[in-house]
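Before any comments, here is the structure.
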Amino acid sequence: MSLELTDITLTYPDGDTRLTALDHVSLDVPRGSVTAVVGPSGSGKSSLLAVAATLVTPDSGTVAVDGTPTTGLSRGELAALRRRSIGIVFQQPNLLPSLTAAEQLQVMAGIDGRSPGRARGRALELLDAVGLADQAGRRPHQLSGGQRQRVNIARALMNDPTVLLVDEPTSALDQERGAAGQRQRVNIARALMNDPTVLLVDEPTSALDQERGAAVMGLLTGLTHRRATATVLVTHDRALLTAVDRVAEVHDGRLVLSAPAR
Amino acid sequence: MFVAWRDLTFAKGRFALMGAVVVLITLLVGLLSGLTAGLARQNVSAVTGLPADRLAFAAPAGGQDLSYADSVVTEAQWRHWARVPGVIRAEPLGITTTRANAGDRSAGVSVFGVLPGSPLAPAGERVEDGTVVLSTAAAGELGVGEGDAVTLAGRELTVAAARGDASFSHTPVVWASLDTWRALAPPAGARDGGPTATVIALDTDRGADLAAGDRAAGTRTVTKDDSLSAIGSYTSENGSLQLMRGFLFAISALVVGAFFTVWTIQRGGDIAVLKALGAPTRRLLADALGQALVLLTGGTLAGTAVAAAAGAALTGSDIPFALTPATVLVPAAVTIALGALGAALSVRRITSVDPLTALGSAR
């Protein structure tokens, strides 16, 4: 197993009491597989991801990455574990505005103390793997939402992690699709403002033609199998579950179901 | 510095604006430093240039501060100091300010009275009763040269030489014999042994017991540098200018600190992402501080270059501007050091950014 969560309990302060976010949760994720964690809002999915990413220390239980228990590690040691063994695909792309697509990946070498310049070849190779070879020199504001999310995925793979944590990968695309739809509706209303007798419409659905979540999922599962990562996918979108190997369902902080997806 | 360099070029408008502020502050500090040093030189160079390490003043009564204007030492005090073991040389020195005339020109001058042949005066061997050695500035203002006549307080004297650039209390120095000086400005307050001079210039070695000498002679001996505060105008003038310089340094540090505080807050999301990805906090701090140093060094060098060019243009003019490494490079180094301190205090908030905020954040 590359990621082992054993008997994890996590509570947060809630007034005079404590709110239980995770209640004796155990989850093992083998390499080369995608495990989806689903559940309603507030069920504890994000808490599970935060614990797996070593960003939150649980009240009890153990987390092991590549067989290494994280209990007792210092902040610096946890940071080193994250940059070398854990890839995080954020819910929002969270790209740095001053960096080009390739540099978003090269920075991963820099934070690991290696030369970002020498890592450019690998960055371009990964951008090619996510279909962005021709976008390497573009900054985030010059990329579409789907392209930004692909850079987000490629960045997570830059340091060859054994564990890949994916947080709502289509959420940003949904939001962008919604915003684009609203803009297009304003566009149509503006065209009707002066009661025109002739209305010329130029590809009205092209702006809505965003990348599909399925494409992102296809990319993630393909990379998981090729690179043998232990991938945890947190999502509320059940349409994505057809592409995963296992589904773990969280309700009120408890892992109530862990079964193969198909 | 990978991200820091790219931030500098990506947000070039913001950094250019901040850099321009650093350039202007450095320029102002540089000009003020040159002016302060120039004015100080006009005020004290005759004292700082004396071939002596200490000056003995008449001990002021009632706990008053030492003053060149009020000190009067006697021949007996001078002779006592000349006999003190460890005192290599004791030279009486009279100081007074008066007007000098030559033809239709006149100038305010400081007359320094020394013993004929005294090493205190440049070309001291040419200082005799009836002759004077002028500083070049005095000779220039009066339009006289060697062999010409000048009048000091109604007494006609011959210019024996024009040497050095000594000035005192913003007036050029005229070196005269002690007897001539006494005739020009008879010292008040005769004491035992009769009034002789204003102070006694001492050249001492380590073995000299100065405290015992002071007790026995009724004097108070201070180092040459400490004696500068006894020049009435120097302390207030230099203090005001140094206060301005200090405020400019403080403002510089505060402005730089404020800029990097805002910048760090703006970058909070990026920092959280980098931390979540595993970036060590110390590396993020080093990057941020490196970025601040690049900005500070660039801005300071540009400001210093402009200040040096302005100083070079002012050299030789009536404005007393001193262009030296101390007036150009030291303010630049202090600006960088204090600015870096301000930036360091600002970017330390990087340590408190929680990487957990990168999960689920929309930026």
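We label chains A, B, ... in the order they appear in the structure tokens, count residues from 1 in each chain, and number ligands from 1 in the order shown.
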
Give me, as a PDB file with N, CA and C atoms, in the first residue's frame, the contact residues of chain B against chain A at a cut-off of 9 Å, counting only C-alpha atoms.
ATOM      1  N   MET B   1      14.927  31.811  -5.634  1.00  0.00           N
ATOM      2  CA  MET B   1      14.623  33.063  -6.339  1.00  0.00           C
ATOM      3  C   MET B   1      13.861  32.813  -7.641  1.00  0.00           C
ATOM      4  N   PHE B   2      13.494  31.545  -7.893  1.00  0.00           N
ATOM      5  CA  PHE B   2      12.833  31.224  -9.166  1.00  0.00           C
ATOM      6  C   PHE B   2      11.526  32.008  -9.309  1.00  0.00           C
ATOM      7  N   VAL B   3      10.682  31.922  -8.286  1.00  0.00           N
ATOM      8  CA  VAL B   3       9.401  32.637  -8.338  1.00  0.00           C
ATOM      9  C   VAL B   3       9.630  34.129  -8.121  1.00  0.00           C
ATOM     10  N   ARG B   6      10.563  36.017 -11.225  1.00  0.00           N
ATOM     11  CA  ARG B   6       9.442  36.131 -12.161  1.00  0.00           C
ATOM     12  C   ARG B   6       8.382  37.096 -11.652  1.00  0.00           C
ATOM     13  N   ASP B   7       8.225  37.142 -10.330  1.00  0.00           N
ATOM     14  CA  ASP B   7       7.305  38.133  -9.754  1.00  0.00           C
ATOM     15  C   ASP B   7       7.792  39.552 -10.063  1.00  0.00           C
ATOM     16  N   LEU B   8       9.120  39.743  -9.980  1.00  0.00           N
ATOM     17  CA  LEU B   8       9.685  41.078 -10.234  1.00  0.00           C
ATOM     18  C   LEU B   8       9.368  41.555 -11.651  1.00  0.00           C
ATOM     19  N   THR B   9       9.452  40.639 -12.609  1.00  0.00           N
ATOM     20  CA  THR B   9       9.187  41.057 -13.986  1.00  0.00           C
ATOM     21  C   THR B   9       7.689  41.059 -14.292  1.00  0.00           C
ATOM     22  N   PHE B  10       6.945  40.154 -13.635  1.00  0.00           N
ATOM     23  CA  PHE B  10       5.502  40.074 -13.912  1.00  0.00           C
ATOM     24  C   PHE B  10       4.779  41.293 -13.321  1.00  0.00           C
ATOM     25  N   ALA B  11       5.111  41.631 -12.074  1.00  0.00           N
ATOM     26  CA  ALA B  11       4.468  42.796 -11.425  1.00  0.00           C
ATOM     27  C   ALA B  11       5.401  43.991 -11.525  1.00  0.00           C
ATOM     28  N   GLY B 269      -2.100  33.630  -0.831  1.00  0.00           N
ATOM     29  CA  GLY B 269      -2.641  32.436  -1.480  1.00  0.00           C
ATOM     30  C   GLY B 269      -1.553  31.632  -2.178  1.00  0.00           C
ATOM     31  N   ASP B 270      -0.676  32.323  -2.888  1.00  0.00           N
ATOM     32  CA  ASP B 270       0.423  31.633  -3.586  1.00  0.00           C
ATOM     33  C   ASP B 270       1.333  30.931  -2.577  1.00  0.00           C
ATOM     34  N   VAL B 273      -0.220  27.777  -1.352  1.00  0.00           N
ATOM     35  CA  VAL B 273      -0.116  26.710  -2.354  1.00  0.00           C
ATOM     36  C   VAL B 273       1.287  26.102  -2.350  1.00  0.00           C
ATOM     37  N   LEU B 274       2.293  26.978  -2.344  1.00  0.00           N
ATOM     38  CA  LEU B 274       3.672  26.483  -2.358  1.00  0.00           C
ATOM     39  C   LEU B 274       3.979  25.658  -1.109  1.00  0.00           C
ATOM     40  N   LYS B 275       3.449  26.116   0.038  1.00  0.00           N
ATOM     41  CA  LYS B 275       3.655  25.335   1.268  1.00  0.00           C
ATOM     42  C   LYS B 275       2.948  23.995   1.176  1.00  0.00           C
ATOM     43  N   ALA B 276       1.726  24.002   0.656  1.00  0.00           N
ATOM     44  CA  ALA B 276       0.984  22.748   0.529  1.00  0.00           C
ATOM     45  C   ALA B 276       1.717  21.781  -0.401  1.00  0.00           C
ATOM     46  N   LEU B 277       2.391  22.321  -1.408  1.00  0.00           N
ATOM     47  CA  LEU B 277       3.138  21.481  -2.340  1.00  0.00           C
ATOM     48  C   LEU B 277       4.461  21.007  -1.739  1.00  0.00           C
ATOM     49  N   GLY B 278       4.805  21.538  -0.567  1.00  0.00           N
ATOM     50  CA  GLY B 278       5.996  21.048   0.128  1.00  0.00           C
ATOM     51  C   GLY B 278       7.151  22.017   0.186  1.00  0.00           C
ATOM     52  N   ALA B 279       6.934  23.276  -0.200  1.00  0.00           N
ATOM     53  CA  ALA B 279       8.044  24.237  -0.152  1.00  0.00           C
ATOM     54  C   ALA B 279       8.428  24.497   1.299  1.00  0.00           C
ATOM     55  N   PRO B 280       9.726  24.397   1.635  1.00  0.00           N
ATOM     56  CA  PRO B 280      10.154  24.704   3.008  1.00  0.00           C
ATOM     57  C   PRO B 280       9.968  26.197   3.290  1.00  0.00           C
ATOM     58  N   THR B 281       9.522  26.512   4.477  1.00  0.00           N
ATOM     59  CA  THR B 281       9.273  27.916   4.839  1.00  0.00           C
ATOM     60  C   THR B 281      10.542  28.745   4.717  1.00  0.00           C
ATOM     61  N   ARG B 283      12.933  28.446   2.665  1.00  0.00           N
ATOM     62  CA  ARG B 283      13.220  28.763   1.261  1.00  0.00           C
ATOM     63  C   ARG B 283      12.308  29.905   0.783  1.00  0.00           C
ATOM     64  N   LEU B 284      11.051  29.872   1.219  1.00  0.00           N
ATOM     65  CA  LEU B 284      10.118  30.943   0.850  1.00  0.00           C
ATOM     66  C   LEU B 284      10.566  32.270   1.453  1.00  0.00           C
ATOM     67  N   ASP B 354      -1.038  29.383   6.524  1.00  0.00           N
ATOM     68  CA  ASP B 354      -1.424  27.990   6.724  1.00  0.00           C
ATOM     69  C   ASP B 354      -1.625  27.311   5.357  1.00  0.00           C
ATOM     70  N   PRO B 355      -0.831  26.282   5.062  1.00  0.00           N
ATOM     71  CA  PRO B 355      -0.971  25.626   3.746  1.00  0.00           C
ATOM     72  C   PRO B 355      -2.343  24.979   3.555  1.00  0.00           C
ATOM     73  N   LEU B 356      -3.028  24.718   4.649  1.00  0.00           N
ATOM     74  CA  LEU B 356      -4.352  24.093   4.544  1.00  0.00           C
ATOM     75  C   LEU B 356      -5.323  24.966   3.755  1.00  0.00           C
ATOM     76  N   ALA B 358      -4.878  26.345   1.078  1.00  0.00           N
ATOM     77  CA  ALA B 358      -4.775  26.101  -0.371  1.00  0.00           C
ATOM     78  C   ALA B 358      -5.797  25.068  -0.828  1.00  0.00           C
ATOM     79  N   LEU B 359      -6.233  24.196   0.090  1.00  0.00           N
ATOM     80  CA  LEU B 359      -7.234  23.191  -0.278  1.00  0.00           C
ATOM     81  C   LEU B 359      -8.597  23.867  -0.335  1.00  0.00           C
ATOM     82  N   GLY B 360      -9.254  23.734  -1.450  1.00  0.00           N
ATOM     83  CA  GLY B 360     -10.606  24.284  -1.583  1.00  0.00           C
ATOM     84  C   GLY B 360     -10.655  25.772  -1.774  1.00  0.00           C
ATOM     85  N   SER B 361      -9.468  26.423  -1.914  1.00  0.00           N
ATOM     86  CA  SER B 361      -9.498  27.871  -2.094  1.00  0.00           C
ATOM     87  C   SER B 361      -9.759  28.213  -3.555  1.00  0.00           C
ATOM     88  N   ALA B 362     -10.475  29.299  -3.773  1.00  0.00           N
ATOM     89  CA  ALA B 362     -10.719  29.797  -5.129  1.00  0.00           C
ATOM     90  C   ALA B 362      -9.977  31.097  -5.285  1.00  0.00           C
ATOM     91  N   ARG B 363      -8.965  31.123  -6.158  1.00  0.00           N
ATOM     92  CA  ARG B 363      -8.190  32.346  -6.339  1.00  0.00           C
ATOM     93  C   ARG B 363      -8.213  32.774  -7.790  1.00  0.00           C
TER      94      ARG B 363
END

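The residue set within 7 Å of Ala136 of chain A, counting only C-alpha atoms and dropping same-chain residues fewer than 4 places from it, reads Thr100, Ala101, Ala102, Leu124 and Leu132 of chain A.
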
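The environment of Leu233 of chain A within 10 Å, counting only C-alpha atoms and disregarding residues fewer than 5 places along the same chain, consists of A:Val34, A:Thr35, A:Ala36, A:Val37, A:Val38, A:Lys45, A:Leu49, A:Val89, A:Leu164, A:Leu165, A:Val166, A:Asp167, A:Glu168, A:Pro169, A:Met217, A:Leu220, A:Leu240, A:Leu241, A:Val244, A:Arg246, A:Val247, A:Ala248.
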
If you count only C-alpha atoms, the residue of A:Arg31, A:Arg118, A:Arg148, A:Arg227 closest to Gly131 of chain A turns out to be A:Arg148

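Closest approach to Gly130 of chain B from the set B:Val328, B:Ala183, B:Ala90, B:Ala162 is made by B:Ala183, with distances taken over only C-alpha atoms.
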
Need the shell around Asp128 of chain A: protein/DNA/RNA residues with any atom at most 12 Å away, counting only C-alpha atoms. Skip same-chain ones fewer than 2 positions apart. Format as number ranges by chain?
A: 101-102, 121-126, 130-136, 147, 150-151, 154, 219

Pick out the residues sitting within 6 Å of segment 197-213 of chain B, and hand them over as a tab-separated table (two decimals) with N, CA and C atoms, in the first residue's frame; count only C-alpha atoms, and ignore anything fewer than 2 positions along from it in its own chain.
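Output (out-v2.tsv):
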chain	number	residue	atom	x	y	z
B	52	ALA	N	47.40	67.26	16.58
B	52	ALA	CA	47.32	67.05	18.04
B	52	ALA	C	46.22	66.03	18.28
B	53	ASP	N	46.26	65.34	19.42
B	53	ASP	CA	45.20	64.37	19.66
B	53	ASP	C	44.23	64.83	20.74
B	54	ARG	N	44.63	65.84	21.54
B	54	ARG	CA	43.74	66.33	22.60
B	54	ARG	C	43.83	67.83	22.71
B	55	LEU	N	42.78	68.39	23.28
B	55	LEU	CA	42.75	69.83	23.48
B	55	LEU	C	42.38	70.09	24.94
B	56	ALA	N	43.16	70.97	25.57
B	56	ALA	CA	42.89	71.32	26.97
B	56	ALA	C	42.20	72.68	27.01
B	57	PHE	N	40.99	72.69	27.60
B	57	PHE	CA	40.22	73.93	27.75
B	57	PHE	C	40.37	74.40	29.20
B	71	SER	N	36.55	79.74	26.48
B	71	SER	CA	37.76	79.23	27.11
B	71	SER	C	38.93	80.22	26.98
B	72	VAL	N	39.61	80.41	28.09
B	72	VAL	CA	40.83	81.23	28.09
B	72	VAL	C	41.86	80.50	28.95
B	73	VAL	N	42.98	80.13	28.35
B	73	VAL	CA	44.02	79.44	29.13
B	73	VAL	C	45.22	80.37	29.31
B	85	PRO	N	54.53	64.37	32.19
B	85	PRO	CA	55.09	63.18	31.53
B	85	PRO	C	54.07	62.56	30.58
B	86	GLY	N	54.53	62.17	29.41
B	86	GLY	CA	53.64	61.55	28.42
B	86	GLY	C	53.09	62.56	27.44
B	87	VAL	N	53.27	63.85	27.71
B	87	VAL	CA	52.83	64.89	26.76
B	87	VAL	C	54.02	65.19	25.85
B	88	ILE	N	53.88	64.84	24.61
B	88	ILE	CA	54.99	65.00	23.66
B	88	ILE	C	55.15	66.47	23.29
B	89	ARG	N	54.00	67.12	23.11
B	89	ARG	CA	54.06	68.54	22.72
B	89	ARG	C	52.81	69.24	23.23
B	90	ALA	N	52.97	70.46	23.72
B	90	ALA	CA	51.85	71.29	24.13
B	90	ALA	C	51.99	72.65	23.43
B	91	GLU	N	50.96	73.00	22.66
B	91	GLU	CA	51.03	74.24	21.88
B	91	GLU	C	49.82	75.10	22.20
B	92	PRO	N	50.03	76.35	22.62
B	92	PRO	CA	48.89	77.23	22.84
B	92	PRO	C	48.26	77.61	21.51
B	93	LEU	N	46.94	77.75	21.53
B	93	LEU	CA	46.22	78.09	20.30
B	93	LEU	C	45.12	79.09	20.64
B	94	GLY	N	45.21	80.28	20.01
B	94	GLY	CA	44.18	81.29	20.22
B	94	GLY	C	43.22	81.32	19.04
B	95	ILE	N	41.96	81.48	19.34
B	95	ILE	CA	40.97	81.46	18.25
B	95	ILE	C	40.03	82.65	18.43
B	215	ARG	N	43.73	68.24	36.83
B	215	ARG	CA	43.54	68.66	38.22
B	215	ARG	C	44.60	69.71	38.60
B	216	ALA	N	45.82	69.45	38.20
B	216	ALA	CA	46.91	70.35	38.58
B	216	ALA	C	46.84	71.67	37.82
B	217	ALA	N	46.43	71.62	36.55
B	217	ALA	CA	46.47	72.84	35.72
B	217	ALA	C	45.16	73.61	35.75

Picked from segment 61-111 of chain B by DSSP as alpha helix (DSSP H), as a PyMOL selection string:
chain B and resi 75-83

Spatial neighbours of segment 233-237 of chain B, 9 Å, only C-alpha atoms, chain gap at least 2 places, as an MDAnalysis selection string:
chainID B and resid 36 39:40 43:44 169 228:231 239:242

Would you export the selected residues with C-alpha atoms as a PDB file, in the first residue's frame, please?
ATOM      1  CA  THR B  36      26.034  67.573   6.141  1.00  0.00           C
ATOM      2  CA  LEU B  39      28.928  71.942   6.222  1.00  0.00           C
ATOM      3  CA  ALA B  40      30.702  70.047   8.982  1.00  0.00           C
ATOM      4  CA  ASN B  43      32.727  74.192  10.549  1.00  0.00           C
ATOM      5  CA  VAL B  44      35.470  72.055  12.038  1.00  0.00           C
ATOM      6  CA  SER B 169      32.704  77.965  12.147  1.00  0.00           C
ATOM      7  CA  LEU B 228      33.857  69.716  18.268  1.00  0.00           C
ATOM      8  CA  SER B 229      30.771  70.004  20.433  1.00  0.00           C
ATOM      9  CA  ALA B 230      32.416  73.059  21.978  1.00  0.00           C
ATOM     10  CA  ILE B 231      31.978  74.903  18.681  1.00  0.00           C
ATOM     11  CA  GLY B 239      22.431  67.615  15.101  1.00  0.00           C
ATOM     12  CA  SER B 240      19.577  68.965  12.970  1.00  0.00           C
ATOM     13  CA  LEU B 241      20.995  67.541   9.766  1.00  0.00           C
ATOM     14  CA  GLN B 242      21.756  64.176  11.362  1.00  0.00           C
TER      15      GLN B 242
END

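Counting from atom CA of Thr242 of chain A, the distance to atom CA of Gln149 of chain A is 20.3 Å.
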
For Ala333 of chain B: contacts at 12 Å, only C-alpha atoms, fewer than 4 positions along chain excluded, given as number ranges by chain:
B: 26, 29-30, 249, 293, 296-297, 299-301, 303-304, 325-329, 337-340

Restrict the selected residues to C-alpha atoms and save them as a short mmCIF file (atom, residue, chain, number, x, y, z; two decimals), in the first residue's frame.
data_model
loop_
_atom_site.label_atom_id
_atom_site.label_comp_id
_atom_site.auth_asym_id
_atom_site.auth_seq_id
_atom_site.Cartn_x
_atom_site.Cartn_y
_atom_site.Cartn_z
CA THR B 26 18.47 57.35 -1.51
CA VAL B 29 19.80 60.85 1.82
CA GLY B 30 22.88 61.05 -0.41
CA PHE B 249 16.50 56.24 7.01
CA LEU B 293 17.32 42.94 -1.57
CA LEU B 296 16.65 47.75 -2.51
CA THR B 297 20.07 47.29 -4.09
CA GLY B 299 17.03 51.37 -6.24
CA THR B 300 19.83 52.38 -3.90
CA LEU B 301 22.55 52.05 -6.54
CA GLY B 303 19.81 56.80 -6.28
CA THR B 304 23.44 56.81 -5.15
CA PRO B 325 33.01 57.36 -0.09
CA ALA B 326 31.72 58.05 3.43
CA THR B 327 29.05 60.44 2.20
CA VAL B 328 28.01 58.30 -0.76
CA LEU B 329 28.53 54.63 0.09
CA ALA B 337 20.45 47.45 5.65
CA LEU B 338 17.48 49.26 7.20
CA GLY B 339 15.26 48.54 4.18
CA ALA B 340 16.18 44.86 4.43
#
